[in-house]
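Student: Can you keep this structure in mind? I'll have questions shortly.
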Amino acid sequence: EAAAQVAPSAGQGVGVDVQLVSEVNTDNVAFVERNFTVAERAYCDASSHPQSSYAGRWAAKEAVIKAVSSLSSDGAPVWTKGSGAPLIEIEILREEGKAPEVQFHGEAKAAVEKAGVDKVKVTISHSGSYAVAMATAL
Amino acid sequence: EAAAQVAPSAGQGVGVDVQLVSEVNTDNVAFVERNFTVAERAYCDASSHPQSSYAGRWAAKEAVIKAVSSLSSDGAPVWTKGSGAPLIEIEILREEGKAPEVQFHGEAKAAVEKAGVDKVKVTISHSGSYAVAMATAL
Amino acid sequence: EAAAQVAPSAGQGVGVDVQLVSEVNTDNVAFVERNFTVAERAYCDASSHPQSSYAGRWAAKEAVIKAVSSLSSDGAPVWTKGSGAPLIEIEILREEGKAPEVQFHGEAKAAVEKAGVDKVKVTISHSGSYAVAMATAL
């Protein structure tokens, strides 16, 4: 019975994503506006390496999608809009010096709530030519 | 007592692995057949970047070994056959669009069961010249 | 009530870090002595790729800081000494063939205990020009 009580933890979802910074085309305004919120753009544009920051947020969004999908019993994606779906509904917020936070909007929010996702954590890093992000979902 | 009940979660094992894609010599048929199952080879060979897919699976197998070993109280490897041991007994299966799943075979399966490993999750990504994988074990 | 009992697990902190190996200047003795313990230096200097080992430990220390900070409810850092703070108080120990272990010293130890951190796990990998580490905190 004790084992049964910790069962939710056994279903923790995990997601990792690595992203070559140069592949995130921040010169493409339509791409940026389709995938990043106003707050995300303000944060990235003010950073010392904007393109690396965008790549980190991109990786974080992808890691969150994987973590949430991995949480479901059969590993099926919790929501999909096709591989070209905009990632703007998964917002990565960050106050300077604090850990990043994830907020879901629109259809992504509805899908995540329906799937019973309680808590999503994400962490981001970049160095040299790459950004890496990792997420967990409970 | 509540703390004791969540103790299994405190022992979650974690493993990460990064792999330079070019170092995974997919031209070496003996190497490929020794480390990847028929299903893995079918998946990788059909992907848009076979060598990156093989590198991702390689990283995933290494991450799983680390996660399972990290789960044990003293951090000792749950099973070892030496550093040149074939990784074919740790199979990374994936249906298109779903999260990857881990299946253990042979001695790896016996060792993981003996160690009381209940659940292993793995996530894989590749971009540019690198593949990264992360695994958790409960 | 079952949900409440697994709540500590919902607060698991996560941290990832990627580090370009060439950026870790191991020729700078003052830098090395300020950030790595005697045991860490002995381990790294004896490895087949010392600079990669140092980069891996550096990434591990950064990942641990992120994981511990991410554990706190508001994502604020558990301790800070400014961005140039020495990382020597977060020691990454490793016996050959075993998973790495984290030990906290001095102010880092006091801060982590005050924050109620019970368990920190870390995992490290390097390949090619990069090292990657991931940590969890409970």
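In the structure tokens, chains take the letters A, B, ... in the order shown, each chain's residues start at 1, and ligands count up from 1 in the order shown.
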Given identical sequences, can you show me chain C least-squares superposed on chain A via all its Cα atoms in order, as a short mmCIF file (atom, residue, chain, number, x, y, z; two decimals) with N, CA and C atoms, in the first residue's frame?
Tutor:
```
data_model
loop_
_atom_site.label_atom_id
_atom_site.label_comp_id
_atom_site.auth_asym_id
_atom_site.auth_seq_id
_atom_site.Cartn_x
_atom_site.Cartn_y
_atom_site.Cartn_z
N GLU C 1 1.11 -1.33 -0.05
CA GLU C 1 0.27 -0.12 0.00
C GLU C 1 1.12 1.14 -0.01
N ALA C 2 2.28 1.05 0.69
CA ALA C 2 3.21 2.19 0.64
C ALA C 2 3.65 2.40 -0.81
N ALA C 3 3.88 1.29 -1.50
CA ALA C 3 4.32 1.38 -2.89
C ALA C 3 3.26 2.07 -3.74
N ALA C 4 2.00 1.70 -3.49
CA ALA C 4 0.91 2.30 -4.27
C ALA C 4 0.86 3.80 -4.04
N GLN C 5 1.16 4.21 -2.83
CA GLN C 5 1.07 5.64 -2.52
C GLN C 5 2.14 6.48 -3.22
N VAL C 6 3.24 5.86 -3.56
CA VAL C 6 4.25 6.64 -4.27
C VAL C 6 4.13 6.47 -5.78
N ALA C 7 3.10 5.77 -6.21
CA ALA C 7 2.94 5.49 -7.64
C ALA C 7 2.96 6.73 -8.53
N PRO C 8 2.32 7.85 -8.12
CA PRO C 8 2.35 9.03 -8.98
C PRO C 8 3.76 9.45 -9.35
N SER C 9 4.66 9.24 -8.42
CA SER C 9 6.05 9.61 -8.66
C SER C 9 6.69 8.71 -9.71
N ALA C 10 6.25 7.44 -9.74
CA ALA C 10 6.80 6.50 -10.72
C ALA C 10 6.48 6.95 -12.14
N GLY C 11 5.43 7.72 -12.26
CA GLY C 11 5.02 8.18 -13.58
C GLY C 11 5.61 9.52 -13.97
N GLN C 12 6.65 9.97 -13.27
CA GLN C 12 7.25 11.26 -13.65
C GLN C 12 7.73 11.24 -15.09
N GLY C 13 7.37 12.28 -15.80
CA GLY C 13 7.83 12.37 -17.18
C GLY C 13 9.14 13.13 -17.27
N VAL C 14 9.96 12.75 -18.23
CA VAL C 14 11.24 13.44 -18.44
C VAL C 14 11.40 13.84 -19.91
N GLY C 15 12.05 14.96 -20.12
CA GLY C 15 12.32 15.40 -21.48
C GLY C 15 13.63 16.15 -21.55
N VAL C 16 14.43 15.85 -22.57
CA VAL C 16 15.68 16.59 -22.77
C VAL C 16 15.70 17.11 -24.20
N ASP C 17 16.35 18.22 -24.42
CA ASP C 17 16.49 18.73 -25.78
C ASP C 17 17.81 19.48 -25.92
N VAL C 18 18.51 19.21 -27.02
CA VAL C 18 19.73 19.95 -27.35
C VAL C 18 19.47 20.70 -28.65
N GLN C 19 20.00 21.89 -28.74
CA GLN C 19 19.72 22.73 -29.91
C GLN C 19 20.97 23.50 -30.33
N LEU C 20 21.36 23.31 -31.60
CA LEU C 20 22.45 24.09 -32.18
C LEU C 20 21.94 25.52 -32.30
N VAL C 21 22.63 26.45 -31.62
CA VAL C 21 22.15 27.84 -31.54
C VAL C 21 21.97 28.46 -32.92
N SER C 22 22.90 28.17 -33.82
CA SER C 22 22.86 28.81 -35.15
C SER C 22 21.65 28.40 -35.98
N GLU C 23 20.99 27.30 -35.57
CA GLU C 23 19.81 26.83 -36.33
C GLU C 23 18.53 27.58 -35.96
N VAL C 24 18.59 28.32 -34.86
CA VAL C 24 17.42 29.10 -34.44
C VAL C 24 17.53 30.47 -35.12
N ASN C 25 16.75 30.64 -36.16
CA ASN C 25 16.88 31.82 -37.03
C ASN C 25 16.13 33.03 -36.45
N THR C 26 16.85 33.75 -35.61
CA THR C 26 16.23 34.90 -34.95
C THR C 26 16.10 36.12 -35.88
N ASP C 27 16.69 36.01 -37.08
CA ASP C 27 16.48 37.09 -38.06
C ASP C 27 15.10 36.97 -38.72
N ASN C 28 14.47 35.82 -38.57
CA ASN C 28 13.15 35.58 -39.15
C ASN C 28 12.08 36.05 -38.17
N VAL C 29 11.62 37.26 -38.37
CA VAL C 29 10.68 37.88 -37.41
C VAL C 29 9.39 37.07 -37.28
N ALA C 30 8.89 36.55 -38.42
CA ALA C 30 7.65 35.77 -38.37
C ALA C 30 7.84 34.52 -37.50
N PHE C 31 8.98 33.86 -37.67
CA PHE C 31 9.29 32.67 -36.86
C PHE C 31 9.34 33.02 -35.37
N VAL C 32 10.03 34.11 -35.07
CA VAL C 32 10.17 34.53 -33.67
C VAL C 32 8.81 34.89 -33.06
N GLU C 33 8.01 35.63 -33.80
CA GLU C 33 6.71 36.07 -33.26
C GLU C 33 5.72 34.91 -33.14
N ARG C 34 5.92 33.88 -33.97
CA ARG C 34 5.01 32.73 -33.94
C ARG C 34 5.32 31.80 -32.76
N ASN C 35 6.56 31.84 -32.27
CA ASN C 35 6.98 30.86 -31.27
C ASN C 35 7.34 31.41 -29.89
N PHE C 36 7.54 32.72 -29.81
CA PHE C 36 7.97 33.29 -28.53
C PHE C 36 7.02 34.41 -28.11
N THR C 37 6.67 34.43 -26.84
CA THR C 37 5.76 35.47 -26.33
C THR C 37 6.50 36.82 -26.22
N VAL C 38 5.72 37.86 -25.99
CA VAL C 38 6.29 39.20 -25.81
C VAL C 38 7.30 39.20 -24.66
N ALA C 39 6.94 38.54 -23.55
CA ALA C 39 7.84 38.50 -22.38
C ALA C 39 9.12 37.73 -22.71
N GLU C 40 8.98 36.63 -23.44
CA GLU C 40 10.17 35.85 -23.80
C GLU C 40 11.10 36.66 -24.71
N ARG C 41 10.50 37.36 -25.67
CA ARG C 41 11.32 38.15 -26.58
C ARG C 41 12.03 39.28 -25.84
N ALA C 42 11.33 39.90 -24.89
CA ALA C 42 11.95 40.98 -24.11
C ALA C 42 13.15 40.44 -23.33
N TYR C 43 12.97 39.25 -22.75
CA TYR C 43 14.05 38.64 -21.97
C TYR C 43 15.24 38.29 -22.87
N CYS C 44 14.95 37.63 -23.97
CA CYS C 44 16.03 37.18 -24.87
C CYS C 44 16.75 38.36 -25.52
N ASP C 45 15.99 39.35 -25.97
CA ASP C 45 16.60 40.49 -26.65
C ASP C 45 17.51 41.29 -25.71
N ALA C 46 17.21 41.23 -24.42
CA ALA C 46 18.01 41.99 -23.44
C ALA C 46 19.21 41.19 -22.93
N SER C 47 19.29 39.92 -23.30
CA SER C 47 20.39 39.09 -22.77
C SER C 47 21.68 39.39 -23.52
N SER C 48 22.79 38.93 -22.97
CA SER C 48 24.09 39.21 -23.59
C SER C 48 24.27 38.42 -24.89
N HIS C 49 23.58 37.30 -25.02
CA HIS C 49 23.64 36.51 -26.25
C HIS C 49 22.22 36.15 -26.67
N PRO C 50 21.52 37.09 -27.34
CA PRO C 50 20.11 36.86 -27.67
C PRO C 50 19.84 35.53 -28.39
N GLN C 51 20.64 35.20 -29.40
CA GLN C 51 20.34 33.98 -30.15
C GLN C 51 20.48 32.73 -29.25
N SER C 52 21.47 32.75 -28.36
CA SER C 52 21.63 31.63 -27.42
C SER C 52 20.44 31.55 -26.47
N SER C 53 19.94 32.71 -26.06
CA SER C 53 18.78 32.72 -25.16
C SER C 53 17.54 32.17 -25.87
N TYR C 54 17.35 32.58 -27.12
CA TYR C 54 16.23 32.04 -27.89
C TYR C 54 16.38 30.52 -28.06
N ALA C 55 17.59 30.08 -28.35
CA ALA C 55 17.82 28.64 -28.52
C ALA C 55 17.53 27.88 -27.23
N GLY C 56 17.91 28.49 -26.10
CA GLY C 56 17.65 27.87 -24.81
C GLY C 56 16.16 27.73 -24.53
N ARG C 57 15.41 28.80 -24.86
CA ARG C 57 13.95 28.74 -24.68
C ARG C 57 13.31 27.73 -25.63
N TRP C 58 13.80 27.70 -26.86
CA TRP C 58 13.30 26.71 -27.82
C TRP C 58 13.52 25.29 -27.28
N ALA C 59 14.73 25.03 -26.81
CA ALA C 59 15.04 23.71 -26.25
C ALA C 59 14.15 23.42 -25.04
N ALA C 60 13.89 24.44 -24.22
CA ALA C 60 13.05 24.26 -23.04
C ALA C 60 11.63 23.88 -23.43
N LYS C 61 11.08 24.54 -24.44
CA LYS C 61 9.73 24.22 -24.89
C LYS C 61 9.65 22.78 -25.41
N GLU C 62 10.65 22.39 -26.18
CA GLU C 62 10.68 21.02 -26.70
C GLU C 62 10.82 20.00 -25.55
N ALA C 63 11.66 20.33 -24.57
CA ALA C 63 11.86 19.43 -23.42
C ALA C 63 10.56 19.29 -22.63
N VAL C 64 9.83 20.38 -22.49
CA VAL C 64 8.54 20.36 -21.76
C VAL C 64 7.54 19.46 -22.49
N ILE C 65 7.45 19.59 -23.82
CA ILE C 65 6.54 18.74 -24.59
C ILE C 65 6.88 17.27 -24.39
N LYS C 66 8.18 16.96 -24.43
CA LYS C 66 8.59 15.56 -24.23
C LYS C 66 8.27 15.07 -22.82
N ALA C 67 8.51 15.92 -21.82
CA ALA C 67 8.27 15.52 -20.43
C ALA C 67 6.79 15.24 -20.19
N VAL C 68 5.95 16.11 -20.72
CA VAL C 68 4.50 15.96 -20.53
C VAL C 68 4.01 14.70 -21.26
N SER C 69 4.52 14.48 -22.46
CA SER C 69 4.11 13.30 -23.23
C SER C 69 4.61 12.02 -22.58
N SER C 70 5.82 12.08 -22.03
CA SER C 70 6.42 10.91 -21.38
C SER C 70 5.67 10.54 -20.11
N LEU C 71 4.96 11.51 -19.54
CA LEU C 71 4.19 11.26 -18.31
C LEU C 71 3.00 10.36 -18.59
N SER C 72 2.42 10.47 -19.77
CA SER C 72 1.23 9.67 -20.08
C SER C 72 1.62 8.21 -20.18
N SER C 73 0.72 7.34 -19.81
CA SER C 73 1.04 5.92 -19.65
C SER C 73 1.57 5.28 -20.93
N ASP C 74 1.10 5.72 -22.07
CA ASP C 74 1.55 5.08 -23.30
C ASP C 74 2.56 5.91 -24.10
N GLY C 75 3.00 7.01 -23.48
CA GLY C 75 4.02 7.81 -24.15
C GLY C 75 3.52 8.62 -25.34
N ALA C 76 2.20 8.64 -25.51
CA ALA C 76 1.66 9.40 -26.64
C ALA C 76 1.68 10.89 -26.30
N PRO C 77 1.88 11.73 -27.28
CA PRO C 77 1.88 13.16 -27.03
C PRO C 77 0.57 13.61 -26.41
N VAL C 78 0.66 14.50 -25.43
CA VAL C 78 -0.53 15.01 -24.76
C VAL C 78 -1.30 15.94 -25.70
N TRP C 79 -0.56 16.66 -26.52
CA TRP C 79 -1.23 17.44 -27.55
C TRP C 79 -0.30 17.56 -28.75
N THR C 80 -0.91 17.65 -29.90
CA THR C 80 -0.11 17.80 -31.12
C THR C 80 -0.87 18.67 -32.10
N LYS C 81 -0.11 19.42 -32.82
CA LYS C 81 -0.67 20.22 -33.90
C LYS C 81 0.18 20.00 -35.15
N GLY C 82 0.91 18.91 -35.13
CA GLY C 82 1.84 18.66 -36.23
C GLY C 82 3.19 19.22 -35.86
N SER C 83 4.21 18.80 -36.57
CA SER C 83 5.57 19.14 -36.19
C SER C 83 5.89 20.62 -36.41
N GLY C 84 5.07 21.32 -37.18
CA GLY C 84 5.33 22.73 -37.39
C GLY C 84 4.51 23.62 -36.46
N ALA C 85 3.93 23.01 -35.43
CA ALA C 85 3.07 23.76 -34.51
C ALA C 85 3.85 24.84 -33.78
N PRO C 86 3.25 26.00 -33.62
CA PRO C 86 3.94 27.06 -32.88
C PRO C 86 4.06 26.70 -31.40
N LEU C 87 5.18 27.11 -30.82
CA LEU C 87 5.46 26.77 -29.42
C LEU C 87 5.11 27.91 -28.49
N ILE C 88 4.41 28.90 -29.00
CA ILE C 88 4.13 30.10 -28.20
C ILE C 88 3.23 29.82 -27.01
N GLU C 89 2.48 28.70 -27.08
CA GLU C 89 1.58 28.38 -25.96
C GLU C 89 2.30 27.78 -24.76
N ILE C 90 3.57 27.48 -24.94
CA ILE C 90 4.39 27.02 -23.81
C ILE C 90 5.38 28.13 -23.51
N GLU C 91 5.09 28.88 -22.46
CA GLU C 91 5.89 30.08 -22.17
C GLU C 91 6.90 29.80 -21.05
N ILE C 92 8.14 30.18 -21.32
CA ILE C 92 9.22 29.99 -20.34
C ILE C 92 9.54 31.36 -19.74
N LEU C 93 9.12 31.53 -18.50
CA LEU C 93 9.33 32.83 -17.84
C LEU C 93 10.51 32.76 -16.89
N ARG C 94 11.18 33.88 -16.76
CA ARG C 94 12.33 33.87 -15.87
C ARG C 94 12.61 35.24 -15.31
N GLU C 95 12.63 35.29 -14.00
CA GLU C 95 13.14 36.50 -13.34
C GLU C 95 14.64 36.33 -13.20
N GLU C 96 15.36 37.40 -13.38
CA GLU C 96 16.82 37.36 -13.28
C GLU C 96 17.25 36.67 -11.98
N GLY C 97 18.11 35.71 -12.10
CA GLY C 97 18.66 35.05 -10.92
C GLY C 97 17.79 33.97 -10.33
N LYS C 98 16.60 33.74 -10.94
CA LYS C 98 15.73 32.68 -10.43
C LYS C 98 15.60 31.56 -11.45
N ALA C 99 15.14 30.41 -10.98
CA ALA C 99 14.92 29.29 -11.89
C ALA C 99 13.78 29.63 -12.85
N PRO C 100 13.87 29.17 -14.09
CA PRO C 100 12.79 29.42 -15.06
C PRO C 100 11.49 28.72 -14.65
N GLU C 101 10.37 29.33 -15.05
CA GLU C 101 9.05 28.76 -14.76
C GLU C 101 8.33 28.52 -16.08
N VAL C 102 7.44 27.53 -16.12
CA VAL C 102 6.67 27.22 -17.32
C VAL C 102 5.22 27.63 -17.12
N GLN C 103 4.66 28.32 -18.10
CA GLN C 103 3.23 28.62 -18.10
C GLN C 103 2.62 28.16 -19.41
N PHE C 104 1.48 27.47 -19.31
CA PHE C 104 0.78 26.99 -20.50
C PHE C 104 -0.38 27.91 -20.83
N HIS C 105 -0.63 28.08 -22.11
CA HIS C 105 -1.73 28.92 -22.57
C HIS C 105 -2.57 28.17 -23.60
N GLY C 106 -3.80 28.64 -23.78
CA GLY C 106 -4.65 28.15 -24.88
C GLY C 106 -4.85 26.65 -24.89
N GLU C 107 -4.68 26.07 -26.09
CA GLU C 107 -4.90 24.62 -26.25
C GLU C 107 -3.89 23.81 -25.45
N ALA C 108 -2.69 24.32 -25.34
CA ALA C 108 -1.66 23.60 -24.56
C ALA C 108 -2.10 23.50 -23.11
N LYS C 109 -2.63 24.59 -22.58
CA LYS C 109 -3.08 24.60 -21.19
C LYS C 109 -4.22 23.59 -20.99
N ALA C 110 -5.18 23.62 -21.89
CA ALA C 110 -6.33 22.71 -21.80
C ALA C 110 -5.86 21.25 -21.85
N ALA C 111 -4.94 20.97 -22.76
CA ALA C 111 -4.46 19.59 -22.93
C ALA C 111 -3.68 19.11 -21.71
N VAL C 112 -2.86 19.98 -21.16
CA VAL C 112 -2.05 19.62 -20.00
C VAL C 112 -2.94 19.39 -18.78
N GLU C 113 -3.96 20.24 -18.62
CA GLU C 113 -4.89 20.05 -17.50
C GLU C 113 -5.67 18.76 -17.65
N LYS C 114 -6.11 18.49 -18.88
CA LYS C 114 -6.87 17.26 -19.13
C LYS C 114 -6.03 16.02 -18.84
N ALA C 115 -4.75 16.12 -19.10
CA ALA C 115 -3.85 14.99 -18.88
C ALA C 115 -3.48 14.83 -17.41
N GLY C 116 -3.92 15.77 -16.58
CA GLY C 116 -3.66 15.65 -15.15
C GLY C 116 -2.25 16.03 -14.74
N VAL C 117 -1.59 16.81 -15.55
CA VAL C 117 -0.23 17.24 -15.20
C VAL C 117 -0.31 18.25 -14.06
N ASP C 118 0.45 17.97 -13.01
CA ASP C 118 0.36 18.80 -11.80
C ASP C 118 1.49 19.82 -11.72
N LYS C 119 2.64 19.42 -12.15
CA LYS C 119 3.83 20.25 -11.94
C LYS C 119 4.85 19.99 -13.04
N VAL C 120 5.32 21.07 -13.65
CA VAL C 120 6.38 20.95 -14.67
C VAL C 120 7.55 21.81 -14.24
N LYS C 121 8.73 21.21 -14.27
CA LYS C 121 9.96 21.95 -13.95
C LYS C 121 10.85 21.94 -15.18
N VAL C 122 11.57 23.03 -15.39
CA VAL C 122 12.47 23.07 -16.54
C VAL C 122 13.76 23.77 -16.14
N THR C 123 14.84 23.36 -16.78
CA THR C 123 16.15 23.96 -16.52
C THR C 123 16.87 24.08 -17.86
N ILE C 124 17.62 25.18 -18.03
CA ILE C 124 18.22 25.54 -19.31
C ILE C 124 19.68 25.89 -19.14
N SER C 125 20.49 25.57 -20.15
CA SER C 125 21.89 25.98 -20.13
C SER C 125 22.36 26.17 -21.57
N HIS C 126 23.31 27.08 -21.77
CA HIS C 126 23.94 27.15 -23.08
C HIS C 126 25.42 27.49 -22.92
N SER C 127 26.20 26.97 -23.85
CA SER C 127 27.64 27.20 -23.84
C SER C 127 28.14 26.93 -25.25
N GLY C 128 29.06 27.74 -25.71
CA GLY C 128 29.58 27.55 -27.06
C GLY C 128 28.47 27.62 -28.08
N SER C 129 28.34 26.62 -28.93
CA SER C 129 27.38 26.62 -30.03
C SER C 129 26.05 25.94 -29.70
N TYR C 130 25.88 25.47 -28.44
CA TYR C 130 24.70 24.67 -28.12
C TYR C 130 23.92 25.18 -26.90
N ALA C 131 22.62 24.92 -26.94
CA ALA C 131 21.77 25.10 -25.76
C ALA C 131 21.19 23.74 -25.41
N VAL C 132 21.04 23.48 -24.11
CA VAL C 132 20.46 22.22 -23.64
C VAL C 132 19.39 22.55 -22.61
N ALA C 133 18.28 21.84 -22.64
CA ALA C 133 17.25 22.01 -21.62
C ALA C 133 16.74 20.66 -21.17
N MET C 134 16.26 20.61 -19.93
CA MET C 134 15.71 19.38 -19.39
C MET C 134 14.44 19.74 -18.62
N ALA C 135 13.44 18.89 -18.73
CA ALA C 135 12.18 19.15 -18.02
C ALA C 135 11.67 17.88 -17.36
N THR C 136 10.94 18.06 -16.27
CA THR C 136 10.24 16.94 -15.63
C THR C 136 8.78 17.33 -15.48
N ALA C 137 7.90 16.34 -15.52
CA ALA C 137 6.47 16.57 -15.35
C ALA C 137 5.92 15.56 -14.37
N LEU C 138 5.09 16.05 -13.46
CA LEU C 138 4.47 15.17 -12.46
C LEU C 138 2.95 15.31 -12.54
#
```
Student: Considering only strand (DSSP E or B) as DSSP defines it on the backbone, what residues of stretch 6-96 of chain C qualify? List them as an MDAnalysis selection string.
Tutor: chainID C and resid 13:20 90:93
Student: Out of stretch 19-95 of chain A, which residues get alpha helix (DSSP H) from DSSP, as a PyMOL selection string?
Tutor: chain A and resi 29-35+38-46+50-71
